[in-house]
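Structure file target_21.txt; described as compact mmCIF, C-alpha atoms.
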```
# COMPACT_ATOMS: atom_id res chain seq x y z
CA MET A 1 -7.57 -9.36 -6.27
CA PHE A 2 -7.09 -13.06 -6.07
CA GLN A 3 -4.64 -15.73 -7.03
CA ALA A 4 -6.93 -18.42 -8.42
CA PRO A 5 -10.26 -18.10 -10.29
CA HIS A 6 -12.50 -15.87 -8.24
CA PRO A 7 -15.11 -17.69 -6.14
CA TYR A 8 -17.88 -15.34 -7.20
CA GLU A 9 -17.04 -15.37 -10.89
CA THR A 10 -18.73 -17.64 -13.32
CA SER A 11 -15.84 -17.41 -15.76
CA PRO A 12 -11.99 -17.82 -15.50
CA LEU A 13 -8.44 -14.11 -11.20
CA ALA A 14 9.03 3.60 13.12
CA ARG A 15 11.98 3.53 13.42
CA SER A 16 12.83 7.06 12.26
CA PHE A 17 15.96 7.51 10.21
CA PRO A 18 18.77 9.38 11.87
CA ALA A 19 17.87 13.03 11.75
CA ALA A 20 20.66 13.85 9.36
CA GLU A 21 19.70 11.25 6.78
CA VAL A 22 18.17 13.20 3.92
CA ASP A 23 17.27 11.72 0.57
CA PRO A 24 19.64 13.53 -1.83
CA ALA A 25 17.37 12.87 -4.80
CA THR A 26 14.32 14.54 -3.31
CA GLY A 27 15.50 16.70 -0.45
CA THR A 28 13.19 14.92 1.95
CA ARG A 29 13.82 13.61 5.42
CA PRO A 30 12.04 10.28 5.92
CA SER A 31 10.13 9.69 9.11
CA ALA A 32 9.94 5.93 9.54
CA VAL A 33 11.41 3.55 7.03
CA ALA A 34 11.15 6.22 4.37
CA ASP A 35 7.44 6.78 4.73
CA THR A 36 5.64 10.07 4.26
CA PRO A 37 8.68 12.29 4.21
CA VAL A 38 7.94 15.96 4.51
CA PRO A 39 9.88 18.11 1.98
CA THR A 40 12.60 19.93 3.85
CA GLY A 41 12.03 23.20 2.05
CA GLN A 42 8.28 23.27 2.00
CA ARG A 43 5.38 23.39 4.41
CA PRO A 44 3.09 20.35 4.44
CA ALA A 45 -0.27 20.48 2.67
CA GLY A 46 -2.22 20.68 5.94
CA PRO A 47 -1.90 23.08 8.86
CA GLY A 48 0.83 22.49 11.40
CA PRO A 49 4.32 23.49 12.45
CA ASP A 50 7.15 24.06 10.07
CA PRO A 51 8.49 20.73 8.78
CA HIS A 52 12.00 21.74 9.86
CA ALA A 53 10.85 21.30 13.43
CA THR A 54 10.50 17.54 13.22
CA SER A 55 11.42 14.70 10.90
CA THR A 56 8.37 12.68 11.91
CA LYS A 57 5.65 15.07 10.83
CA ARG A 58 2.77 13.20 9.25
CA ASP A 59 1.54 14.43 5.89
CA ALA A 60 -2.25 14.79 5.98
CA PHE A 61 -2.51 14.23 2.23
CA PHE A 62 -1.06 10.72 2.38
CA ASP A 63 -3.00 9.81 5.52
CA ASN A 64 -6.20 10.93 3.79
CA ALA A 65 -5.29 8.92 0.69
CA LYS A 66 -4.59 5.82 2.74
CA TYR A 67 -7.90 6.01 4.57
CA LEU A 68 -9.98 6.66 1.44
CA ALA A 69 -8.21 3.87 -0.44
CA ILE A 70 -8.74 1.32 2.32
CA VAL A 71 -12.43 2.21 2.38
CA LEU A 72 -12.60 1.44 -1.35
CA VAL A 73 -10.80 -1.86 -0.73
CA ALA A 74 -13.26 -2.92 1.95
CA VAL A 75 -16.33 -1.82 0.00
CA ALA A 76 -15.19 -3.70 -3.10
CA HIS A 77 -14.64 -6.83 -1.02
CA PHE A 78 -18.14 -6.50 0.45
CA TRP A 79 -19.53 -6.35 -3.11
CA GLU A 80 -17.92 -9.61 -4.18
CA PRO A 81 -20.51 -12.06 -2.78
CA VAL A 82 -23.42 -10.16 -4.31
CA MET A 83 -22.18 -8.79 -7.63
CA ASP A 84 -23.16 -11.79 -9.78
CA GLY A 85 -26.13 -10.86 -11.92
CA SER A 86 -25.61 -7.12 -11.49
CA ARG A 87 -23.75 -5.51 -14.35
CA ALA A 88 -23.68 -2.12 -12.62
CA THR A 89 -22.14 -3.53 -9.43
CA ARG A 90 -19.58 -5.45 -11.41
CA ALA A 91 -18.71 -2.30 -13.37
CA LEU A 92 -18.10 -0.38 -10.14
CA TYR A 93 -16.04 -3.28 -8.83
CA LEU A 94 -13.84 -3.32 -11.95
CA LEU A 95 -13.40 0.45 -11.74
CA VAL A 96 -12.22 0.30 -8.13
CA TYR A 97 -9.91 -2.63 -8.81
CA ALA A 98 -8.36 -0.81 -11.75
CA PHE A 99 -6.64 1.73 -9.48
CA HIS A 100 -6.83 0.99 -5.76
CA MET A 101 -3.92 -1.50 -5.61
CA PRO A 102 -1.81 0.47 -8.11
CA ALA A 103 -2.32 3.53 -5.88
CA PHE A 104 -1.19 1.57 -2.82
CA ILE A 105 1.84 0.16 -4.56
CA ILE A 106 2.96 3.37 -6.25
CA THR A 107 2.86 5.24 -2.97
CA SER A 108 4.60 2.42 -1.14
CA GLY A 109 7.38 2.62 -3.73
CA TYR A 110 7.55 6.39 -3.32
CA PHE A 111 8.15 5.98 0.41
CA SER A 112 10.74 3.25 -0.15
CA ARG A 113 13.19 5.45 -2.05
CA SER A 114 15.62 5.67 0.85
CA PHE A 115 15.64 1.96 1.58
CA ALA A 116 19.22 0.76 1.33
CA ALA A 117 19.02 -2.43 3.42
CA ARG A 118 20.69 -0.82 6.42
CA PRO A 119 20.40 -2.88 9.62
CA HIS A 120 17.68 -0.72 11.20
CA GLN A 121 15.73 -0.72 7.92
CA ILE A 122 15.89 -4.51 7.75
CA ARG A 123 14.65 -4.64 11.31
CA ARG A 124 11.66 -2.46 10.42
CA LEU A 125 10.97 -4.55 7.36
CA VAL A 126 10.92 -7.74 9.41
CA THR A 127 8.84 -6.41 12.30
CA GLY A 128 6.49 -4.36 10.12
CA VAL A 129 5.95 -6.73 7.19
CA ALA A 130 7.29 -10.23 7.77
CA VAL A 131 5.87 -10.68 11.27
CA PRO A 132 2.33 -9.50 10.37
CA TYR A 133 2.51 -11.75 7.30
CA VAL A 134 3.29 -14.83 9.38
CA VAL A 135 0.72 -14.00 12.06
CA PHE A 136 -2.18 -13.28 9.72
CA GLU A 137 -1.32 -16.02 7.24
CA VAL A 138 -1.70 -18.50 10.12
CA ALA A 139 -4.76 -16.68 11.52
CA TYR A 140 -6.66 -16.69 8.22
CA SER A 141 -5.83 -20.34 7.59
CA LEU A 142 -7.06 -21.35 11.05
CA PHE A 143 -10.15 -19.20 10.59
CA LYS A 144 -10.93 -21.04 7.37
CA ARG A 145 -10.21 -24.40 8.99
CA TYR A 146 -12.50 -24.01 11.99
CA VAL A 147 -15.17 -21.47 11.02
CA ASP A 148 -15.75 -22.92 7.57
CA ASP A 149 -15.38 -26.49 8.88
CA SER A 150 -12.43 -27.18 6.56
CA PRO A 151 -10.11 -29.37 8.66
CA ASP A 152 -7.86 -29.99 5.66
CA GLN A 153 -7.09 -26.31 5.17
CA PRO A 154 -3.26 -26.16 5.07
CA ILE A 155 -1.11 -23.58 6.79
CA SER A 156 1.59 -22.64 4.33
CA LEU A 157 3.77 -19.59 4.71
CA LEU A 158 4.85 -19.99 1.09
CA ASP A 159 1.35 -19.72 -0.35
CA PRO A 160 -0.24 -16.38 0.65
CA TRP A 161 -3.93 -16.67 1.37
CA TYR A 162 -6.52 -13.96 0.90
CA LEU A 163 -5.26 -10.55 2.06
CA THR A 164 -1.75 -11.56 3.02
CA TRP A 165 -0.32 -11.61 -0.52
CA PHE A 166 0.44 -7.89 -0.35
CA LEU A 167 2.70 -8.34 2.67
CA ALA A 168 4.71 -11.02 0.91
CA ALA A 169 4.97 -8.91 -2.24
CA LEU A 170 5.93 -5.77 -0.34
CA PHE A 171 8.68 -7.64 1.50
CA ILE A 172 10.20 -8.73 -1.81
CA TRP A 173 9.80 -5.34 -3.50
CA ARG A 174 11.47 -3.49 -0.67
CA LEU A 175 14.35 -5.92 -0.47
CA THR A 176 14.97 -5.39 -4.18
CA THR A 177 14.78 -1.59 -3.95
CA PRO A 178 18.59 -1.10 -4.10
CA LEU A 179 18.64 -3.17 -7.30
CA TRP A 180 15.93 -1.09 -8.96
CA ARG A 181 17.63 2.13 -7.90
CA ALA A 182 20.91 0.94 -9.44
CA LEU A 183 19.42 0.30 -12.89
CA ARG A 184 19.54 2.98 -15.58
CA HIS A 185 16.02 2.24 -16.88
CA PRO A 186 14.28 0.43 -14.01
CA LEU A 187 10.71 1.02 -15.18
CA THR A 188 11.44 -0.40 -18.63
CA VAL A 189 12.98 -3.49 -17.05
CA ALA A 190 10.05 -3.89 -14.63
CA LEU A 191 7.50 -3.67 -17.46
CA ALA A 192 9.46 -6.23 -19.45
CA VAL A 193 9.52 -8.60 -16.46
CA ALA A 194 5.80 -8.08 -15.86
CA SER A 195 5.04 -8.78 -19.52
CA LEU A 196 7.04 -12.01 -19.45
CA ALA A 197 5.28 -13.09 -16.26
CA SER A 198 1.89 -12.46 -17.87
CA LEU A 199 2.58 -15.11 -20.52
CA THR A 200 4.25 -17.65 -18.22
CA PRO A 201 1.66 -19.80 -16.44
CA GLY A 202 4.32 -22.06 -14.96
CA ILE A 203 5.58 -19.46 -12.49
CA GLY A 204 3.46 -20.97 -9.73
CA GLU A 205 1.89 -19.55 -6.58
CA ASP A 206 4.79 -19.51 -4.11
CA LEU A 207 4.79 -16.15 -2.31
CA GLY A 208 2.28 -14.88 -4.89
CA LEU A 209 5.11 -14.53 -7.38
CA GLN A 210 2.81 -13.71 -10.30
CA ARG A 211 1.56 -10.68 -8.45
CA VAL A 212 5.02 -9.76 -7.28
CA LEU A 213 6.24 -9.60 -10.87
CA GLN A 214 3.14 -8.17 -12.55
CA PHE A 215 2.64 -5.41 -9.99
CA ALA A 216 6.36 -4.58 -9.78
CA PRO A 217 6.19 -1.73 -12.36
CA TYR A 218 3.92 0.27 -10.05
CA PHE A 219 6.35 -0.07 -7.16
CA VAL A 220 9.28 0.87 -9.38
CA LEU A 221 7.40 3.89 -10.69
CA GLY A 222 6.90 4.99 -7.09
CA LEU A 223 10.64 4.79 -6.55
CA LEU A 224 11.11 7.23 -9.45
CA LEU A 225 8.53 9.79 -8.33
CA LYS A 226 9.37 13.06 -6.59
CA PRO A 227 7.26 15.31 -4.34
CA GLU A 228 6.49 17.65 -7.22
CA HIS A 229 4.73 14.84 -9.09
CA PHE A 230 2.19 14.56 -6.28
CA GLN A 231 1.84 18.31 -6.21
CA LEU A 232 1.12 18.23 -9.94
CA VAL A 233 -1.86 15.86 -9.69
CA ARG A 234 -3.36 18.01 -6.94
CA ARG A 235 -3.70 21.05 -9.17
CA ARG A 236 -7.22 22.37 -9.75
CA GLU A 237 -7.23 21.63 -13.48
CA ILE A 238 -6.27 18.01 -12.79
CA ARG A 239 -9.13 17.69 -10.31
CA LEU A 240 -11.52 18.98 -12.96
CA LEU A 241 -10.15 16.59 -15.59
CA ALA A 242 -10.59 13.69 -13.17
CA VAL A 243 -14.39 14.06 -13.40
CA PRO A 244 -14.73 13.15 -17.10
CA LEU A 245 -11.91 10.63 -16.67
CA PHE A 246 -13.83 8.60 -14.09
CA ALA A 247 -17.11 9.08 -15.93
CA GLY A 248 -15.56 7.65 -19.09
CA ALA A 249 -13.90 4.86 -17.12
CA LEU A 250 -17.24 3.89 -15.58
CA VAL A 251 -18.86 3.74 -19.01
CA PHE A 252 -16.03 1.52 -20.23
CA THR A 253 -16.18 -0.83 -17.24
CA TYR A 254 -19.95 -1.13 -17.71
CA TRP A 255 -19.27 -2.26 -21.27
CA ALA A 256 -16.43 -4.55 -20.15
CA ALA A 257 -18.35 -6.05 -17.21
CA THR A 258 -19.76 -8.84 -19.37
CA ARG A 259 -16.75 -9.18 -21.64
CA MET A 260 -13.54 -8.99 -19.58
CA PRO A 261 -12.61 -11.38 -16.76
CA ALA A 262 -11.80 -9.52 -13.56
CA GLY A 263 -8.72 -11.72 -13.32
CA TRP A 264 -6.85 -9.30 -15.57
CA LEU A 265 -7.03 -6.73 -12.77
CA TYR A 266 -5.85 -9.16 -10.11
CA HIS A 267 -2.53 -9.69 -11.93
CA SER A 268 -2.38 -13.14 -10.37
CA ALA A 269 -2.49 -15.32 -13.48
CA ALA A 270 -0.95 -15.60 -16.92
CA ALA A 271 -2.97 -14.90 -20.05
CA GLN A 272 -3.37 -18.61 -20.82
CA GLN A 273 -4.99 -19.14 -17.41
CA LEU A 274 -7.58 -16.50 -18.32
CA ASP A 275 -8.48 -18.33 -21.56
CA ALA A 276 -6.63 -15.75 -23.65
CA PRO A 277 -3.82 -16.17 -26.21
CA TRP A 278 -0.29 -15.74 -24.84
CA TRP A 279 0.28 -12.43 -26.63
CA ALA A 280 -2.65 -10.89 -24.78
CA GLY A 281 -0.54 -10.92 -21.61
CA PRO A 282 1.98 -8.26 -22.64
CA VAL A 283 -0.72 -6.22 -24.41
CA MET A 284 -2.89 -6.13 -21.29
CA THR A 285 0.13 -5.43 -19.09
CA PHE A 286 0.84 -2.18 -20.91
CA ALA A 287 -2.82 -1.27 -21.42
CA LEU A 288 -3.71 -1.75 -17.76
CA PHE A 289 -0.57 0.04 -16.63
CA GLY A 290 -1.59 3.13 -18.58
CA CYS A 291 -5.22 3.00 -17.45
CA SER A 292 -4.27 2.42 -13.82
CA LEU A 293 -1.89 5.37 -13.83
CA LEU A 294 -4.56 7.71 -15.15
CA LEU A 295 -7.12 6.53 -12.61
CA THR A 296 -4.61 6.69 -9.76
CA ALA A 297 -3.79 10.27 -10.71
CA GLY A 298 -7.51 11.05 -10.79
CA PHE A 299 -8.03 9.46 -7.39
CA LEU A 300 -5.12 11.35 -5.81
CA ALA A 301 -6.36 14.58 -7.37
CA TRP A 302 -9.53 14.30 -5.30
CA VAL A 303 -7.76 13.49 -2.03
CA PRO A 304 -7.87 16.53 0.29
CA GLY A 305 -4.51 17.88 1.40
CA ARG A 306 -5.72 19.43 4.67
CA ARG A 307 -6.53 17.66 7.90
CA MET A 308 -9.98 16.07 7.90
CA TRP A 309 -12.00 14.17 10.49
CA PHE A 310 -10.61 10.93 9.08
CA THR A 311 -6.97 11.98 8.71
CA ALA A 312 -5.88 10.27 11.95
CA LEU A 313 -7.36 7.00 10.69
CA GLY A 314 -4.71 6.87 7.98
CA ALA A 315 -2.23 5.68 10.60
CA GLY A 316 -4.30 2.55 11.26
CA THR A 317 -4.91 1.27 7.75
CA ILE A 318 -2.93 -1.90 8.36
CA CYS A 319 -5.48 -2.88 11.00
CA GLY A 320 -8.43 -2.08 8.78
CA TYR A 321 -6.87 -4.00 5.93
CA LEU A 322 -5.92 -7.14 7.79
CA LEU A 323 -9.04 -7.37 9.95
CA HIS A 324 -11.89 -6.57 7.56
CA GLY A 325 -11.28 -9.86 5.74
CA PHE A 326 -12.44 -11.77 8.81
CA LEU A 327 -15.79 -9.97 8.62
CA ILE A 328 -16.29 -10.80 4.95
CA LYS A 329 -15.11 -14.39 5.20
CA GLY A 330 -17.14 -14.89 8.37
CA ALA A 331 -20.27 -13.71 6.60
CA VAL A 332 -19.59 -16.04 3.66
CA TYR A 333 -18.75 -19.04 5.84
CA GLY A 334 -21.83 -18.38 7.98
CA GLY A 335 -24.16 -18.34 4.97
CA LEU A 336 -25.27 -14.75 5.56
CA PHE A 337 -25.75 -13.98 1.87
CA ASP A 338 -27.75 -17.16 1.31
CA ALA A 339 -29.91 -16.55 4.35
CA TYR A 340 -30.70 -12.96 3.34
CA PRO A 341 -31.12 -12.84 -0.45
CA TRP A 342 -32.28 -9.22 -0.25
CA LEU A 343 -28.61 -8.32 0.21
CA SER A 344 -28.16 -9.04 -3.48
CA GLY A 345 -30.72 -6.38 -4.38
CA PRO A 346 -30.13 -2.64 -4.73
CA ALA A 347 -31.03 -1.86 -1.12
CA GLY A 348 -28.83 -4.68 0.12
CA LYS A 349 -25.85 -3.49 -1.89
CA VAL A 350 -26.23 0.02 -0.52
CA ALA A 351 -26.40 -1.45 2.98
CA LEU A 352 -23.27 -3.54 2.35
CA THR A 353 -21.46 -0.50 0.99
CA LEU A 354 -22.23 1.50 4.12
CA ALA A 355 -21.44 -1.45 6.36
CA GLY A 356 -18.09 -2.01 4.68
CA ALA A 357 -17.12 1.65 4.97
CA ALA A 358 -18.23 1.83 8.61
CA ALA A 359 -16.51 -1.42 9.57
CA VAL A 360 -13.12 -0.55 8.09
CA THR A 361 -13.36 2.93 9.63
CA LEU A 362 -13.80 1.44 13.09
CA LEU A 363 -10.96 -1.00 12.48
CA CYS A 364 -8.60 1.88 11.66
CA THR A 365 -9.22 3.71 14.95
CA PRO A 366 -6.41 4.24 17.48
CA PRO A 367 -7.77 1.73 20.07
CA VAL A 368 -7.67 -1.07 17.51
CA ARG A 369 -4.22 -0.01 16.37
CA ARG A 370 -2.93 -0.08 19.95
CA LEU A 371 -4.48 -3.48 20.52
CA LEU A 372 -2.76 -4.98 17.47
CA ARG A 373 0.57 -3.23 17.86
CA CYS A 374 2.09 -6.37 19.34
CA VAL A 375 1.76 -8.09 15.95
CA THR A 376 1.75 -5.18 13.50
CA GLU A 377 4.53 -3.10 15.09
CA PRO A 378 6.37 -5.42 17.49
CA GLU A 379 9.63 -4.28 19.07
CA MET A 380 11.44 -7.65 18.99
CA ARG A 381 14.65 -6.13 20.32
CA TRP A 382 15.67 -9.57 21.48
CA ALA A 383 15.91 -10.75 17.86
CA PHE A 384 18.25 -8.08 16.49
CA SER A 385 21.81 -6.94 16.97
CA ARG A 386 22.73 -3.67 18.66
CA GLU A 387 23.47 -2.13 15.25
CA ALA A 388 19.94 -2.84 14.05
CA GLN A 389 18.55 -1.06 17.11
CA THR A 390 20.43 2.20 16.73
CA ALA A 391 17.45 4.02 15.21
CA THR A 392 15.14 5.72 17.65
CA ALA A 393 11.88 3.97 18.42
CA ALA A 394 8.98 5.25 16.32
CA ARG A 395 6.94 7.86 18.06
CA PRO A 396 3.14 7.75 17.98
CA GLY A 397 1.92 9.49 14.87
CA THR A 398 4.84 8.67 12.61
CA GLN A 399 4.19 7.12 9.24
CA THR A 400 5.70 3.93 7.91
CA ALA A 401 6.31 2.94 4.34
CA THR A 402 4.80 -0.46 4.25
CA GLN A 403 1.13 -0.24 5.02
CA PRO A 404 -1.06 -0.62 1.99
CA GLY A 405 -3.54 1.96 3.03
CA VAL A 406 -1.45 3.70 0.42
CA SER A 407 1.93 3.38 1.97
CA ASP A 408 1.72 2.21 5.53
CA ARG A 409 2.63 -1.18 6.78
CA ALA A 410 0.36 -3.43 4.80
CA ALA A 411 -3.20 -3.16 3.27
CA GLY A 412 -4.76 -3.91 -0.19
CA ALA A 413 -6.41 -7.09 -1.47
CA PRO A 414 -6.43 -10.85 -1.41
CA SER A 415 -4.42 -13.68 -2.88
CA ARG A 416 -6.16 -17.02 -2.95
CA THR A 417 -9.71 -16.10 -2.14
CA SER A 418 -10.97 -19.17 -3.91
CA ARG A 419 -10.06 -21.24 -0.91
```

Hey, can you dump this file as structure tokens for me?
Amino acid sequence: MFQAPHPYETSPLARSFPAAEVDPATGTRPSAVADTPVPTGQRPAGPGPDPHATSTKRDAFFDNAKYLAIVLVAVAHFWEPVMDGSRATRALYLLVYAFHMPAFIITSGYFSRSFAARPHQIRRLVTGVAVPYVVFEVAYSLFKRYVDDSPDQPISLLDPWYLTWFLAALFIWRLTTPLWRALRHPLTVALAVASLASLTPGIGEDLGLQRVLQFAPYFVLGLLLKPEHFQLVRRREIRLLAVPLFAGALVFTYWAATRMPAGWLYHSAAAQQLDAPWWAGPVMTFALFGCSLLLTAGFLAWVPGRRMWFTALGAGTICGYLLHGFLIKGAVYGGLFDAYPWLSGPAGKVALTLAGAAAVTLLCTPPVRRLLRCVTEPEMRWAFSREAQTATAARPGTQTATQPGVSDRAAGAPSRTSR
């Protein structure tokens, strides 16, 4: 998902809450900044102690979803340099992009329901979103400057580059959570705002504002969801219905691969910037919103609710998200795809798919998470008042609401990949 026309396209895209703080709307007790709360009257989907025993119990279902979603993100990014000329690859790419960011954002909104801008929540928002944004925005810009021999590459904290757009958007969405929760019909308002943004090319690129506005309905929907909605999509009949749903979606994306610019799925440009009439913006906003919701439900229906071998990796999706971009950009800057044209063939695409999945899996492992904790989960006690430090320090294994691996501290897709 990118801010400007895509480079590979030929056409115009924990600190835990106090133990007594229970969400009155859902009966859940958030663990860390309202992420992955375990229902206080139910047992979690996977095996483990009774949820009454701890308020920081991780939910295996959401960890599994985060890991599987971040694998799809990485694989789709690995396809980008080689999908030109392959209708099938482009169809798969469009299918993945139709739901993976909506899934991230919906779940992030779901785990932001208790955000009320309290001092300790602001502290977590700054240390868990703003700090990684600044660090990786600078890191990616310097990487482009020196590895790609682009000395003029600017470093601008106002213009998110590549993967960092999600961090900027999430920061804004979470800050506005009290506003959305105060509205009587927040989803209607969010869809109206997104529609207006889709026909307003003059919004500009500061903080990825087009994406902030066009993706906002998914975040707001997450704020409105309750635990029973996630239980509903995990029913057996929904899992069965997801099979023809994805089969039909794949047939449609194969048809659309040569007809629809991928930029519609990036939500980073107005209709006029995609060579479409202005009225197409609102039409596509509602059409894509409906399609994305169906595919997200289908994706979540297939996510296992019990502990799996990859469940623990769900805690490290921020690392997999923020680091895998260096591998892809490094390969592009180094001319790997030009030097090995076989990578554009069927065998090469299979190899890239496996490589992408393996790479992001390794980047989500606990050693990598511990290594990056100084920039993804910094303490920064020196920067905050005593009131902001009243919440207990997050214990290992707690979940946080900001990652994009479907609701942790940050992971999803790029902003200005054209640079």

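Nearest residue to Phe62 in chain A among A:Gly298, A:Gly305, A:Pro119, A:Pro282 is A:Gly305, counting all atoms listed in the file.
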
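With all atoms listed in the file as the atoms that count, the minimum distance from Leu213 in chain A to the choices A:Val332, A:Leu170, A:Leu183, A:Gly290 is reached by A:Leu170.
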
Which residues are close to Thr311 in chain A, i.e. within 10 Å by only C-alpha atoms, leaving aside same-chain residues fewer than 3 positions away? Reply as a VMD selection string.
chain A and resid 58 to 68 304 to 308 314 to 315

All residues 7 Å or closer to range 368-385 of chain A, all atoms listed in the file, same chain fewer than 6 positions away omitted, as a ChimeraX atom specification:
/A:127-128,131-132,316,319

Interatomic distance between CA of Ala74 in chain A and CA of Gly208 in chain A?
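CA of Gly208 in chain A lies 20.8 Å from CA of Ala74 in chain A.
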
So the first atom is CA of Ser112 in chain A and the second is CA of Gly222 in chain A; what is the distance between them in Å, to one decimal place?
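Between CA of Ser112 in chain A and CA of Gly222 in chain A the gap is 8.1 Å.
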
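Taking CA of Gly345 in chain A and CA of Leu245 in chain A as endpoints, the distance between them is 28.2 Å.
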
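Minimum atom-to-atom distance to Ala301 in chain A, evaluated using all atoms listed in the file, belongs to A:Val243 out of A:Leu343, A:Ala358, A:Val243, A:Val283.
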
May I have the residues within 10 Å of Ile122 in chain A as a PyMOL selection string, using only C-alpha atoms and disregarding those fewer than 3 positions away in the same chain?
chain A and resi 33+115-119+125-128+174-175+384+388

Between A:Phe252, A:Tyr321, A:Phe136, A:Phe326, which one has atoms that come closest to Val73 in chain A, using all atoms listed in the file?
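Selected residue with least distance to Val73 in chain A: A:Tyr321.
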
Out of A:Leu207, A:Val189, A:Leu323, A:Leu94, which residue has the shortest atom-to-atom distance to Trp255 in chain A when counting all atoms listed in the file?
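Closest residue, counting all atoms listed in the file: A:Leu94.
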
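Between Gln210 in chain A and the candidates A:Ser108, A:Thr258, A:Ser114, A:Ser268, the tightest atom-to-atom separation, counting all atoms listed in the file, involves A:Ser268.
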
Centre, x/y/z edge lengths, axis-aligned box for range 361-376 of chain A with 5 Å per side, as AutoDock Vina command-line options:
```
--center_x -5.9 --center_y -1.9 --center_z 15.1 --size_x 25.9 --size_y 22.3 --size_z 20.9
```

Place a sphere of radius 10 Å on (-0.7, 9.4, -6.0) in the file coordinates and name every protein, DNA or RNA residue with an atom inside or on its surface, counting only C-alpha atoms; give the answer as a list in words.
Phe61, Phe62, Ala65, Pro102, Ala103, Phe104, Ile105, Ile106, Thr107, Tyr110, Gly222, Leu225, His229, Phe230, Gln231, Leu232, Val233, Arg234, Leu293, Leu295, Thr296, Ala297, Gly298, Phe299, Leu300, Ala301, Val303 and Val406 of chain A

Residues within 10 Å of Phe215 in chain A, all atoms listed in the file, excluding chain neighbours under 6 positions, as JSON, numbers by chain:
{"A": [101, 102, 105, 106, 169, 173, 190, 191, 193, 194, 209, 266, 267, 268, 285, 289]}

Selection above as a file: C-alpha atoms, as a short mmCIF file (atom, residue, chain, number, x, y, z; two decimals), keeping the file's coordinate frame:
```cif
data_model
loop_
_atom_site.label_atom_id
_atom_site.label_comp_id
_atom_site.auth_asym_id
_atom_site.auth_seq_id
_atom_site.Cartn_x
_atom_site.Cartn_y
_atom_site.Cartn_z
CA MET A 101 -3.92 -1.50 -5.61
CA PRO A 102 -1.81 0.47 -8.11
CA ILE A 105 1.84 0.16 -4.56
CA ILE A 106 2.96 3.37 -6.25
CA ALA A 169 4.97 -8.91 -2.24
CA TRP A 173 9.80 -5.34 -3.50
CA ALA A 190 10.05 -3.89 -14.63
CA LEU A 191 7.50 -3.67 -17.46
CA VAL A 193 9.52 -8.60 -16.46
CA ALA A 194 5.80 -8.08 -15.86
CA LEU A 209 5.11 -14.53 -7.38
CA TYR A 266 -5.85 -9.16 -10.11
CA HIS A 267 -2.53 -9.69 -11.93
CA SER A 268 -2.38 -13.14 -10.37
CA THR A 285 0.13 -5.43 -19.09
CA PHE A 289 -0.57 0.04 -16.63
#
```
